[in-house]
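Enquirer: Structure incoming, see below.
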Amino acid sequence: MVPLSGYLILSAILFSIGVVGFLLRRNAIVLFMSIELMLNAANLAFVAFSRYLHSMDGQIFVFFVMSVAAAEAAVGLAIIMAVFRTKETVNVDEVNLMKW
Amino acid sequence: MLETAFFIVLAVATVITAILVIVQRNPVASAIYLIITFFCLAGIYLLLQAPFIAVIQVLVYAGAIMVLFLFVIMLLNLEKEKKPILRHRLSKTLGVLLGVVLLAQIGILFQSVLLGGMPGKFPPEKVAALGNTEVIARLLFTDFLLPFEITSVLLLVAIIGAIVLAKRQI
């Protein structure tokens, strides 16, 4: 059987890839995809702990995380569309009106 | 033995496709690679004996959320990023450096903290006897009923918010 640490290391690597993607990219849609990667890394850790600690709570939490991710993607993409309509770009460097 | 082999194949595929997501210039290609990542993760959930989570991973993430992403990319008619992905070499190095530092921190945490706890009420044999989906459903409608109901309100707010934001004139 694969040890728990195997799953946790995979989860940590996925989360770090998400963070690096979020810091490097300038396209708002790709930033959202990086956030989804990070959420999935957290989900993986939840399910792994749920399996190895003999508890179902982790899987229930993953269910809630997924519904929140769906809501976040819907609202976030609507915001991106509204920004694109006024600024004609989704580059986050050019959307800086609220930057001090 | 077979389980380990499956895990290694799926884990390597997950990491490679996740890296491809963040280095692709074309957002459509990023989205497709992200869908492959989600499928690999669904396979890993199956290895962890969580078939319900694996199925909703494919249905909700790979199906619903990523189709939404692809629709928005198509609607916005985005071209490839003309400028190089990264503006400054400094921000690139800093970003990668921060990622590596984060990974190292999590790794150190794994080694130093005793990861464990009290075993819960659902050992694999019991879950296998009752059925994974049935156990989750029973918990959702008993212990987790309030969060479950709040989720429905959250989804309603998200629907209304998305319509209001995406509409040209209210």
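Simple scheme: letters A, B, ... for chains in structure tokens order, numbers from 1 for residues in each chain, numbers from 1 for ligands in the order shown.
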Please identify all residues of chain B having at least one atom at most 6 Å from any atom of chain A, considering only C-alpha atoms, and return them as a list of chain:residue names.
Expert: B:Thr4, B:Ile22, B:Gly95, B:Val96, B:Gly99, B:Leu103, B:Pro119, B:Gly120, B:Lys121, B:Phe122, B:Pro123, B:Leu155, B:Ala158, B:Ala162, B:Leu165, B:Ala166
Enquirer: Go ahead and write the selection's residues with C-alpha atoms as an mmCIF file, in the first residue's frame.
Expert:
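And here's result_4.cif as it stands now:
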data_model
loop_
_atom_site.group_PDB
_atom_site.id
_atom_site.type_symbol
_atom_site.label_atom_id
_atom_site.label_comp_id
_atom_site.auth_asym_id
_atom_site.auth_seq_id
_atom_site.Cartn_x
_atom_site.Cartn_y
_atom_site.Cartn_z
ATOM 1 C CA THR B 4 2.096 1.475 -6.063
ATOM 2 C CA ILE B 22 1.107 26.942 -16.132
ATOM 3 C CA GLY B 95 8.055 33.485 -8.226
ATOM 4 C CA VAL B 96 9.880 30.200 -8.788
ATOM 5 C CA GLY B 99 7.358 28.189 -4.910
ATOM 6 C CA LEU B 103 7.528 23.274 -1.139
ATOM 7 C CA PRO B 119 -8.842 6.607 13.978
ATOM 8 C CA GLY B 120 -12.379 7.490 13.017
ATOM 9 C CA LYS B 121 -15.571 5.469 12.918
ATOM 10 C CA PHE B 122 -15.316 4.258 9.328
ATOM 11 C CA PRO B 123 -12.622 1.634 8.700
ATOM 12 C CA LEU B 155 -24.998 28.311 -5.109
ATOM 13 C CA ALA B 158 -23.446 32.514 -7.170
ATOM 14 C CA ALA B 162 -22.916 35.612 -12.196
ATOM 15 C CA LEU B 165 -22.141 40.610 -13.421
ATOM 16 C CA ALA B 166 -22.258 39.179 -16.931
#
Enquirer: With only C-alpha atoms as the counted atoms, please give the residues lying no more than 8 Å from B:Phe38, apart from itself and same-chain residues fewer than 6 positions off, as a PDB file with C-alpha atoms, in the first residue's frame.
Expert:
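Result saved to part.pdb:
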ATOM      1  CA  THR B  14      -0.591  14.687 -12.666  1.00  0.00           C
ATOM      2  CA  GLN B  57     -14.341  15.132  -9.695  1.00  0.00           C
ATOM      3  CA  VAL B  58     -14.946  14.122 -13.308  1.00  0.00           C
ATOM      4  CA  TYR B  61     -14.549  19.697 -12.253  1.00  0.00           C
ATOM      5  CA  ALA B  62     -13.664  18.160 -15.610  1.00  0.00           C
TER       6      ALA B  62
END
Enquirer: Can you measure atom CA of B:Leu109 to atom CA of B:Ile36 for me? One decimal in Å is fine.
Expert: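 Result for atom CA of B:Leu109 versus atom CA of B:Ile36: 29.4 Å, one decimal.
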Enquirer: For atom CA of B:Leu94 and atom CA of B:Ala13, determine how far apart the two atoms are, in Å to one decimal place.
Expert: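 One can read the atom CA of B:Leu94 to atom CA of B:Ala13 distance as 26.4 Å.
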Enquirer: Can you check which residues of chain A DSSP gives as alpha helix (DSSP H) on the backbone and send them as a PyMOL selection string?
Expert: chain A and resi 4-24+28-52+57-87
Enquirer: May I have the residues from that selection written out with C-alpha atoms, as a JSON list (two decimals), in the first residue's frame?
Expert:
[["chain", "number", "residue", "atom", "x", "y", "z"],
["A", 4, "LEU", "CA", 0.22, 8.45, 3.40],
["A", 5, "SER", "CA", 3.32, 10.59, 2.82],
["A", 6, "GLY", "CA", 3.27, 9.68, -0.88],
["A", 7, "TYR", "CA", -0.13, 11.31, -1.33],
["A", 8, "LEU", "CA", 0.81, 14.28, 0.86],
["A", 9, "ILE", "CA", 4.00, 14.94, -1.12],
["A", 10, "LEU", "CA", 2.02, 14.83, -4.38],
["A", 11, "SER", "CA", -0.46, 17.25, -2.83],
["A", 12, "ALA", "CA", 2.35, 19.61, -1.75],
["A", 13, "ILE", "CA", 3.92, 19.53, -5.24],
["A", 14, "LEU", "CA", 0.56, 20.28, -6.88],
["A", 15, "PHE", "CA", -0.07, 23.16, -4.48],
["A", 16, "SER", "CA", 3.38, 24.64, -5.16],
["A", 17, "ILE", "CA", 2.81, 24.39, -8.92],
["A", 18, "GLY", "CA", -0.46, 26.28, -8.41],
["A", 19, "VAL", "CA", 1.28, 28.99, -6.37],
["A", 20, "VAL", "CA", 4.09, 29.39, -8.93],
["A", 21, "GLY", "CA", 1.51, 29.58, -11.75],
["A", 22, "PHE", "CA", -0.40, 32.23, -9.87],
["A", 23, "LEU", "CA", 2.74, 34.31, -9.31],
["A", 24, "LEU", "CA", 4.12, 33.97, -12.84],
["A", 28, "ALA", "CA", -6.57, 36.23, -15.48],
["A", 29, "ILE", "CA", -8.11, 32.98, -16.75],
["A", 30, "VAL", "CA", -4.85, 31.07, -16.23],
["A", 31, "LEU", "CA", -4.68, 32.57, -12.72],
["A", 32, "PHE", "CA", -8.09, 31.02, -12.07],
["A", 33, "MET", "CA", -6.82, 27.67, -13.35],
["A", 34, "SER", "CA", -3.90, 27.93, -10.89],
["A", 35, "ILE", "CA", -6.39, 28.48, -8.07],
["A", 36, "GLU", "CA", -8.26, 25.36, -9.17],
["A", 37, "LEU", "CA", -4.96, 23.45, -9.03],
["A", 38, "MET", "CA", -4.40, 24.61, -5.44],
["A", 39, "LEU", "CA", -7.96, 23.64, -4.44],
["A", 40, "ASN", "CA", -7.41, 20.20, -5.94],
["A", 41, "ALA", "CA", -4.17, 19.79, -4.00],
["A", 42, "ALA", "CA", -6.09, 20.50, -0.79],
["A", 43, "ASN", "CA", -8.80, 18.03, -1.85],
["A", 44, "LEU", "CA", -6.18, 15.34, -2.40],
["A", 45, "ALA", "CA", -4.80, 15.85, 1.11],
["A", 46, "PHE", "CA", -8.34, 15.69, 2.53],
["A", 47, "VAL", "CA", -9.14, 12.41, 0.79],
["A", 48, "ALA", "CA", -5.76, 10.87, 1.72],
["A", 49, "PHE", "CA", -6.25, 11.72, 5.41],
["A", 50, "SER", "CA", -9.83, 10.46, 5.24],
["A", 51, "ARG", "CA", -8.58, 7.10, 3.95],
["A", 52, "TYR", "CA", -5.72, 6.69, 6.41],
["A", 57, "ASP", "CA", -15.34, 13.64, 7.11],
["A", 58, "GLY", "CA", -12.54, 14.38, 4.65],
["A", 59, "GLN", "CA", -14.61, 13.23, 1.70],
["A", 60, "ILE", "CA", -17.57, 15.31, 2.88],
["A", 61, "PHE", "CA", -15.29, 18.34, 3.05],
["A", 62, "VAL", "CA", -14.11, 17.68, -0.50],
["A", 63, "PHE", "CA", -17.76, 17.75, -1.55],
["A", 64, "PHE", "CA", -18.17, 21.20, 0.00],
["A", 65, "VAL", "CA", -14.87, 22.46, -1.44],
["A", 66, "MET", "CA", -16.05, 21.42, -4.90],
["A", 67, "SER", "CA", -19.34, 23.29, -4.57],
["A", 68, "VAL", "CA", -17.50, 26.41, -3.37],
["A", 69, "ALA", "CA", -15.06, 26.05, -6.27],
["A", 70, "ALA", "CA", -17.97, 25.85, -8.72],
["A", 71, "ALA", "CA", -19.53, 29.01, -7.26],
["A", 72, "GLU", "CA", -16.16, 30.79, -7.29],
["A", 73, "ALA", "CA", -15.48, 29.84, -10.93],
["A", 74, "ALA", "CA", -18.92, 31.06, -12.05],
["A", 75, "VAL", "CA", -18.65, 34.43, -10.30],
["A", 76, "GLY", "CA", -14.95, 34.88, -11.13],
["A", 77, "LEU", "CA", -15.44, 34.21, -14.82],
["A", 78, "ALA", "CA", -18.38, 36.63, -14.86],
["A", 79, "ILE", "CA", -16.09, 39.29, -13.35],
["A", 80, "ILE", "CA", -13.44, 38.53, -15.99],
["A", 81, "MET", "CA", -16.05, 38.96, -18.70],
["A", 82, "ALA", "CA", -17.17, 42.29, -17.23],
["A", 83, "VAL", "CA", -13.53, 43.46, -17.07],
["A", 84, "PHE", "CA", -12.90, 42.33, -20.64],
["A", 85, "ARG", "CA", -15.94, 44.27, -21.82],
["A", 86, "THR", "CA", -14.62, 47.56, -20.43],
["A", 87, "LYS", "CA", -10.84, 47.12, -20.78]]
Enquirer: Could you please determine the separation between atom CA of B:Thr37 and atom CA of B:Pro51 in Å, to one decimal place?
Expert: 17.1 Å
Enquirer: Tell me which of B:Ala42, B:Val12, B:Ala54, B:Leu20 sits closest to B:Thr133, counting only C-alpha atoms.
Expert: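 Using only C-alpha atoms, the shortest distance to B:Thr133 belongs to B:Ala54.
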